$ cat model_3.txt   # compact mmCIF, C-alpha atoms
# COMPACT_ATOMS: atom_id res chain seq x y z
CA MET K 1 224.94 100.12 136.53
CA LEU K 2 222.83 96.98 136.52
CA LEU K 3 219.08 97.57 136.66
CA VAL K 4 216.93 94.56 137.56
CA ILE K 5 213.24 95.14 136.96
CA ASP K 6 210.43 93.40 138.86
CA MET K 7 211.91 89.98 139.59
CA GLN K 8 209.11 89.25 142.03
CA GLN K 9 207.99 86.10 143.80
CA ARG K 10 204.43 85.99 142.51
CA LEU K 11 205.30 87.00 138.96
CA LEU K 12 208.24 84.70 138.20
CA PRO K 13 206.31 81.37 138.23
CA HIS K 14 204.20 82.67 135.32
CA ILE K 15 207.15 83.75 133.15
CA ASP K 16 208.10 81.55 130.21
CA ALA K 17 211.49 79.96 131.00
CA GLY K 18 211.37 81.63 134.41
CA GLU K 19 214.09 79.37 135.85
CA THR K 20 216.52 80.43 133.14
CA LEU K 21 215.59 84.08 133.65
CA SER K 22 216.15 83.72 137.39
CA ARG K 23 219.52 81.97 136.91
CA HIS K 24 220.75 84.71 134.56
CA CYS K 25 219.57 87.54 136.81
CA HIS K 26 221.26 85.89 139.80
CA ALA K 27 224.51 85.62 137.80
CA LEU K 28 224.31 89.29 136.77
CA VAL K 29 223.60 90.51 140.32
CA ARG K 30 226.39 88.38 141.82
CA ALA K 31 228.88 89.45 139.15
CA ALA K 32 227.94 93.11 139.59
CA GLY K 33 228.50 92.81 143.33
CA LEU K 34 231.82 91.03 142.82
CA LEU K 35 233.06 93.60 140.32
CA GLY K 36 231.80 96.78 141.98
CA VAL K 37 229.05 97.51 139.45
CA PRO K 38 226.18 99.37 141.18
CA VAL K 39 222.87 97.48 141.27
CA LEU K 40 219.43 99.08 141.31
CA ALA K 41 216.19 97.11 141.34
CA THR K 42 212.49 97.80 141.13
CA GLU K 43 209.40 96.07 142.49
CA GLN K 44 206.07 96.69 140.79
CA ASN K 45 203.23 96.94 143.32
CA PRO K 46 204.87 94.58 145.84
CA ARG K 47 201.62 94.22 147.82
CA GLY K 48 200.11 92.53 144.79
CA LEU K 49 203.13 90.80 143.23
CA GLY K 50 205.19 90.13 146.35
CA ALA K 51 208.74 91.09 147.11
CA SER K 52 211.72 90.32 144.91
CA VAL K 53 212.74 86.68 144.58
CA GLU K 54 214.39 85.64 147.82
CA GLY K 55 218.16 85.82 147.82
CA LEU K 56 218.48 87.82 144.60
CA PHE K 57 219.71 91.02 146.22
CA VAL K 58 221.98 91.83 149.15
CA PRO K 59 221.14 94.58 151.67
CA ASN K 60 223.33 97.30 150.09
CA GLN K 61 221.57 96.93 146.73
CA ARG K 62 218.70 99.40 146.46
CA VAL K 63 215.18 98.19 145.63
CA ILE K 64 212.62 100.84 144.72
CA GLU K 65 208.89 100.24 144.96
CA LYS K 66 206.94 101.59 142.01
CA HIS K 67 203.42 101.66 140.66
CA THR K 68 204.18 103.02 137.20
CA PHE K 69 205.12 100.62 134.43
CA ASP K 70 207.88 102.98 133.25
CA ALA K 71 210.15 103.34 136.28
CA THR K 72 211.46 106.66 134.96
CA LEU K 73 208.11 108.18 135.95
CA ASN K 74 209.07 107.52 139.60
CA ASP K 75 211.07 110.35 141.18
CA ALA K 76 212.92 108.09 143.64
CA PHE K 77 214.01 105.86 140.78
CA VAL K 78 215.32 108.74 138.67
CA ALA K 79 217.14 110.16 141.70
CA ALA K 80 218.93 106.81 142.15
CA LEU K 81 220.30 106.80 138.59
CA PRO K 82 223.78 107.99 137.70
CA SER K 83 224.08 111.03 135.45
CA PRO K 84 223.42 110.34 131.76
CA GLY K 85 226.76 109.76 130.10
CA ASP K 86 228.25 108.00 133.15
CA GLY K 87 228.44 104.61 131.46
CA VAL K 88 225.79 102.16 130.39
CA ILE K 89 222.70 100.96 132.21
CA VAL K 90 222.44 97.19 131.76
CA VAL K 91 218.79 96.11 132.06
CA ALA K 92 217.34 92.70 133.02
CA GLY K 93 214.06 91.46 134.51
CA ALA K 94 210.36 91.05 133.77
CA GLU K 95 208.07 91.52 132.03
CA ALA K 96 209.88 92.27 128.80
CA HIS K 97 206.99 93.90 126.97
CA VAL K 98 205.69 96.00 129.87
CA CYS K 99 207.96 97.31 132.63
CA VAL K 100 211.27 96.33 131.00
CA LEU K 101 210.41 97.85 127.63
CA LEU K 102 208.68 100.95 128.98
CA THR K 103 211.51 101.66 131.44
CA THR K 104 214.08 101.10 128.67
CA LEU K 105 212.25 103.60 126.46
CA GLY K 106 212.09 106.05 129.37
CA LEU K 107 215.84 105.70 129.99
CA LEU K 108 216.53 106.32 126.30
CA ARG K 109 214.35 109.45 126.39
CA LEU K 110 216.46 110.66 129.33
CA ASP K 111 219.61 110.18 127.19
CA TYR K 112 220.94 107.05 128.91
CA ARG K 113 222.83 104.42 126.99
CA VAL K 114 220.98 101.14 127.56
CA GLU K 115 221.98 97.53 127.03
CA LEU K 116 219.11 95.09 127.33
CA VAL K 117 220.26 91.62 128.42
CA ALA K 118 218.24 89.52 125.98
CA ASP K 119 218.68 86.23 127.84
CA ALA K 120 217.88 87.85 131.21
CA ILE K 121 214.48 89.30 130.43
CA GLY K 122 211.22 87.40 130.20
CA SER K 123 207.49 87.55 129.64
CA ARG K 124 204.63 85.15 130.18
CA ASP K 125 204.26 84.87 126.40
CA PRO K 126 207.45 84.38 124.32
CA ALA K 127 205.91 86.40 121.46
CA ASN K 128 205.63 89.44 123.74
CA ARG K 129 209.30 89.05 124.71
CA ALA K 130 210.35 88.87 121.06
CA ILE K 131 208.41 91.99 120.14
CA ALA K 132 209.84 93.86 123.14
CA LEU K 133 213.41 92.99 122.10
CA THR K 134 212.75 94.17 118.56
CA ARG K 135 211.12 97.40 119.69
CA ALA K 136 213.86 98.18 122.22
CA ALA K 137 216.52 97.68 119.54
CA GLN K 138 214.60 99.82 117.04
CA GLU K 139 214.45 102.62 119.62
CA GLY K 140 218.18 102.54 120.32
CA ALA K 141 218.81 100.00 123.07
CA ARG K 142 221.65 97.62 122.38
CA LEU K 143 221.04 93.93 122.92
CA THR K 144 223.53 91.84 124.86
CA THR K 145 223.70 88.58 126.81
CA THR K 146 224.47 87.69 130.40
CA GLU K 147 227.93 86.36 129.52
CA THR K 148 228.80 89.38 127.37
CA ALA K 149 227.73 91.80 130.12
CA ILE K 150 229.81 89.99 132.74
CA PHE K 151 232.90 89.73 130.51
CA ASN K 152 232.50 93.42 129.61
CA TRP K 153 232.50 94.31 133.32
CA LEU K 154 235.57 92.11 133.84
CA GLY K 155 237.49 93.61 130.94
CA THR K 156 240.37 91.13 131.26
CA CYS K 157 241.07 87.59 132.38
CA ARG K 158 243.84 88.99 134.57
CA ARG K 159 241.47 90.50 137.09
CA PRO K 160 241.65 88.69 140.43
CA GLU K 161 237.85 88.16 140.29
CA PHE K 162 237.99 86.39 136.91
CA ARG K 163 237.71 82.79 138.18
CA GLU K 164 234.85 83.60 140.53
CA ALA K 165 232.98 85.55 137.85
CA LEU K 166 233.53 82.72 135.38
CA GLY K 167 231.97 80.31 137.89
CA LEU K 168 228.78 82.39 137.87
CA ILE K 169 228.15 81.69 134.17
CA LYS K 170 229.31 78.09 133.82
$ encode --input "model_3.txt" --output "C-alpha cells"
Amino acid sequence: MLLVIDMQQRLLPHIDAGETLSRHCHALVRAAGLLGVPVLATEQNPRGLGASVEGLFVPNQRVIEKHTFDATLNDAFVAALPSPGDGVIVVAGAEAHVCVLLTTLGLLRLDYRVELVADAIGSRDPANRAIALTRAAQEGARLTTTETAIFNWLGTCRRPEFREALGLIK
C-alpha cells in the first residue's frame, strides 16, 4: 500500500523543495495506480489547510480527513489499512517531522512494516526533515526512494507496464 500524508494545497507552498516533493508524490501515486498498488491518503484539518493538491489522486483512491497528527489515532484510517503482515506500507507526504513521523511511529506500534520514501517527504525546515528521517529509521522504518519503491512494485522489466512506469521517474 502507498500512504500519502497531507499533501495539501495550503501547506505545500511552505515546504522546502515542495516542487520536488510534489513531483515525487505524483510519480508514486501514478505508479501505484498503474501497478495495482492500493493508495490511501490523509488530509489534516482540510478546512484550515485545504484539500489535497489538485490532480494528485483519482476518485477510487481513498482520502481520509483527520485532526490527529498520528493518523493511527483515527478509527477510519485504521479501518482502511490492510492487516499487519500483508506487505509493506510505503509512506510519503508532509510534514516529515509531524504527521509523517508520528503516523510512521503509530504504524510501527501496530506491527506494520513501513518504508519511508526519503525523497518524497518534506518539511518547512530541512533540519526537521533530517531529524524525522533519522528518528523513523531508529524506530524501525526502512528508508527508500521514489525510484526504488516504483521498481520494487514493478519487480521486473518484463512487465507490460514497465515503459510507462519508467516514464514517471525520468
$ closest_residue --input "model_3.txt" --among "K:Glu95, K:Met1, K:Lys66, K:Ile89" --to "Gly36 of chain K" --atoms "only C-alpha atoms"
K:Met1
$ residues_around --input "model_3.txt" --residues "segment 43-50 of chain K" --least-positions-apart "5" --cutoff "8 Å" --atoms "all atoms listed in the file" --output "list of chain:residue names"
K:Ile5, K:Asp6, K:Met7, K:Gln8, K:Gln9, K:Arg10, K:Leu11, K:Val63, K:Ile64, K:Glu65, K:Lys66, K:His67, K:Thr68, K:Phe69
$ residues_around --input "model_3.txt" --residues "segment 98-108 of chain K" --least-positions-apart "4" --cutoff "9 Å" --atoms "all atoms listed in the file" --output "number ranges by chain"
K: 4-6, 44, 68-73, 89, 91-94, 112-116, 121-123, 128, 132-133, 135-136, 139-141
$ residues_around --input "model_3.txt" --residues "segment 17-21 of chain K" --least-positions-apart "4" --cutoff "7 Å" --atoms "all atoms listed in the file" --output "ChimeraX atom specification"
/K:12-13,25,119-122
$ atom_distance --input "model_3.txt" --atom1 "atom CA of Thr156 of chain K" --atom2 "atom CA of Ala31 of chain K"
14.0 Å
$ atom_distance --input "model_3.txt" --atom1 "atom CA of Leu35 of chain K" --atom2 "atom CA of Leu56 of chain K"
16.3 Å
$ residues_around --input "model_3.txt" --residues "Ala27 of chain K" --least-positions-apart "5" --cutoff "12 Å" --atoms "only C-alpha atoms" --output "MDAnalysis selection string"
chainID K and resid 2 4 20:22 32:35 55:57 92 117 119:120 145:151 164:170
$ closest_residue --input "model_3.txt" --among "K:His97, K:Arg62, K:Arg23, K:Arg159" --to "Pro126 of chain K" --atoms "only C-alpha atoms"
K:His97
$ closest_residue --input "model_3.txt" --among "K:Asn74, K:Asn60, K:Ser83, K:Thr144" --to "Leu40 of chain K" --atoms "all atoms listed in the file"
K:Asn60
$ atom_distance --input "model_3.txt" --atom1 "atom CA of Asp86 of chain K" --atom2 "atom CA of Arg109 of chain K"
15.5 Å
$ closest_residue --input "model_3.txt" --among "K:His26, K:Ala41, K:Val53, K:Pro59" --to "Ala76 of chain K" --atoms "all atoms listed in the file"
K:Ala41
$ decode --input "model_3.txt" --residues "segment 113-141 of chain K" --atoms "N, CA and C atoms" --output "PDB file, in the first residue's frame"
ATOM      1  N   ARG K 113       5.025  -3.141   8.681  1.00  0.00           N
ATOM      2  CA  ARG K 113       6.336  -2.871   8.101  1.00  0.00           C
ATOM      3  C   ARG K 113       6.191  -1.587   7.291  1.00  0.00           C
ATOM      4  N   VAL K 114       7.096  -0.637   7.535  1.00  0.00           N
ATOM      5  CA  VAL K 114       6.974   0.690   6.927  1.00  0.00           C
ATOM      6  C   VAL K 114       8.247   1.026   6.171  1.00  0.00           C
ATOM      7  N   GLU K 115       8.061   1.530   4.951  1.00  0.00           N
ATOM      8  CA  GLU K 115       9.157   2.114   4.183  1.00  0.00           C
ATOM      9  C   GLU K 115       8.823   3.584   3.979  1.00  0.00           C
ATOM     10  N   LEU K 116       9.705   4.430   4.426  1.00  0.00           N
ATOM     11  CA  LEU K 116       9.531   5.873   4.324  1.00  0.00           C
ATOM     12  C   LEU K 116      10.300   6.352   3.094  1.00  0.00           C
ATOM     13  N   VAL K 117       9.607   6.968   2.150  1.00  0.00           N
ATOM     14  CA  VAL K 117      10.220   7.399   0.893  1.00  0.00           C
ATOM     15  C   VAL K 117      10.932   8.729   1.146  1.00  0.00           C
ATOM     16  N   ALA K 118      12.231   8.645   1.381  1.00  0.00           N
ATOM     17  CA  ALA K 118      13.012   9.795   1.849  1.00  0.00           C
ATOM     18  C   ALA K 118      12.952  10.993   0.907  1.00  0.00           C
ATOM     19  N   ASP K 119      12.884  10.754  -0.390  1.00  0.00           N
ATOM     20  CA  ASP K 119      12.837  11.882  -1.328  1.00  0.00           C
ATOM     21  C   ASP K 119      11.411  12.306  -1.657  1.00  0.00           C
ATOM     22  N   ALA K 120      10.432  11.724  -0.964  1.00  0.00           N
ATOM     23  CA  ALA K 120       9.028  12.084  -1.172  1.00  0.00           C
ATOM     24  C   ALA K 120       8.357  12.459   0.141  1.00  0.00           C
ATOM     25  N   ILE K 121       9.161  12.978   1.059  1.00  0.00           N
ATOM     26  CA  ILE K 121       8.608  13.588   2.266  1.00  0.00           C
ATOM     27  C   ILE K 121       9.274  14.952   2.425  1.00  0.00           C
ATOM     28  N   GLY K 122       8.585  15.859   3.074  1.00  0.00           N
ATOM     29  CA  GLY K 122       9.153  17.197   3.225  1.00  0.00           C
ATOM     30  C   GLY K 122       8.660  17.884   4.468  1.00  0.00           C
ATOM     31  N   SER K 123       9.392  18.925   4.824  1.00  0.00           N
ATOM     32  CA  SER K 123       9.055  19.811   5.945  1.00  0.00           C
ATOM     33  C   SER K 123       9.382  21.238   5.525  1.00  0.00           C
ATOM     34  N   ARG K 124       8.852  22.181   6.263  1.00  0.00           N
ATOM     35  CA  ARG K 124       9.198  23.581   6.004  1.00  0.00           C
ATOM     36  C   ARG K 124      10.684  23.801   6.242  1.00  0.00           C
ATOM     37  N   ASP K 125      11.231  23.184   7.269  1.00  0.00           N
ATOM     38  CA  ASP K 125      12.635  23.346   7.641  1.00  0.00           C
ATOM     39  C   ASP K 125      13.377  22.040   7.332  1.00  0.00           C
ATOM     40  N   PRO K 126      14.424  22.093   6.488  1.00  0.00           N
ATOM     41  CA  PRO K 126      15.158  20.868   6.147  1.00  0.00           C
ATOM     42  C   PRO K 126      15.735  20.144   7.367  1.00  0.00           C
ATOM     43  N   ALA K 127      16.076  20.877   8.421  1.00  0.00           N
ATOM     44  CA  ALA K 127      16.607  20.228   9.627  1.00  0.00           C
ATOM     45  C   ALA K 127      15.548  19.329  10.264  1.00  0.00           C
ATOM     46  N   ASN K 128      14.300  19.774  10.265  1.00  0.00           N
ATOM     47  CA  ASN K 128      13.226  18.940  10.811  1.00  0.00           C
ATOM     48  C   ASN K 128      13.046  17.666   9.992  1.00  0.00           C
ATOM     49  N   ARG K 129      13.162  17.774   8.679  1.00  0.00           N
ATOM     50  CA  ARG K 129      13.060  16.602   7.808  1.00  0.00           C
ATOM     51  C   ARG K 129      14.182  15.615   8.123  1.00  0.00           C
ATOM     52  N   ALA K 130      15.387  16.112   8.258  1.00  0.00           N
ATOM     53  CA  ALA K 130      16.536  15.243   8.538  1.00  0.00           C
ATOM     54  C   ALA K 130      16.372  14.504   9.861  1.00  0.00           C
ATOM     55  N   ILE K 131      15.925  15.214  10.871  1.00  0.00           N
ATOM     56  CA  ILE K 131      15.725  14.581  12.177  1.00  0.00           C
ATOM     57  C   ILE K 131      14.617  13.537  12.102  1.00  0.00           C
ATOM     58  N   ALA K 132      13.551  13.830  11.360  1.00  0.00           N
ATOM     59  CA  ALA K 132      12.449  12.874  11.216  1.00  0.00           C
ATOM     60  C   ALA K 132      12.924  11.592  10.531  1.00  0.00           C
ATOM     61  N   LEU K 133      13.741  11.717   9.486  1.00  0.00           N
ATOM     62  CA  LEU K 133      14.264  10.528   8.800  1.00  0.00           C
ATOM     63  C   LEU K 133      15.111   9.687   9.744  1.00  0.00           C
ATOM     64  N   THR K 134      15.967  10.350  10.501  1.00  0.00           N
ATOM     65  CA  THR K 134      16.816   9.636  11.464  1.00  0.00           C
ATOM     66  C   THR K 134      15.974   8.926  12.504  1.00  0.00           C
ATOM     67  N   ARG K 135      15.028   9.631  13.071  1.00  0.00           N
ATOM     68  CA  ARG K 135      14.175   9.043  14.118  1.00  0.00           C
ATOM     69  C   ARG K 135      13.373   7.865  13.580  1.00  0.00           C
ATOM     70  N   ALA K 136      12.778   8.022  12.397  1.00  0.00           N
ATOM     71  CA  ALA K 136      11.984   6.941  11.814  1.00  0.00           C
ATOM     72  C   ALA K 136      12.851   5.692  11.607  1.00  0.00           C
ATOM     73  N   ALA K 137      14.062   5.889  11.112  1.00  0.00           N
ATOM     74  CA  ALA K 137      14.967   4.756  10.900  1.00  0.00           C
ATOM     75  C   ALA K 137      15.370   4.111  12.228  1.00  0.00           C
ATOM     76  N   GLN K 138      15.636   4.935  13.236  1.00  0.00           N
ATOM     77  CA  GLN K 138      15.987   4.398  14.553  1.00  0.00           C
ATOM     78  C   GLN K 138      14.858   3.552  15.134  1.00  0.00           C
ATOM     79  N   GLU K 139      13.627   3.927  14.829  1.00  0.00           N
ATOM     80  CA  GLU K 139      12.464   3.223  15.383  1.00  0.00           C
ATOM     81  C   GLU K 139      12.056   2.001  14.562  1.00  0.00           C
ATOM     82  N   GLY K 140      12.692   1.802  13.398  1.00  0.00           N
ATOM     83  CA  GLY K 140      12.413   0.588  12.643  1.00  0.00           C
ATOM     84  C   GLY K 140      11.849   0.777  11.248  1.00  0.00           C
ATOM     85  N   ALA K 141      11.579   1.999  10.841  1.00  0.00           N
ATOM     86  CA  ALA K 141      11.156   2.219   9.459  1.00  0.00           C
ATOM     87  C   ALA K 141      12.362   2.080   8.549  1.00  0.00           C
TER      88      ALA K 141
END
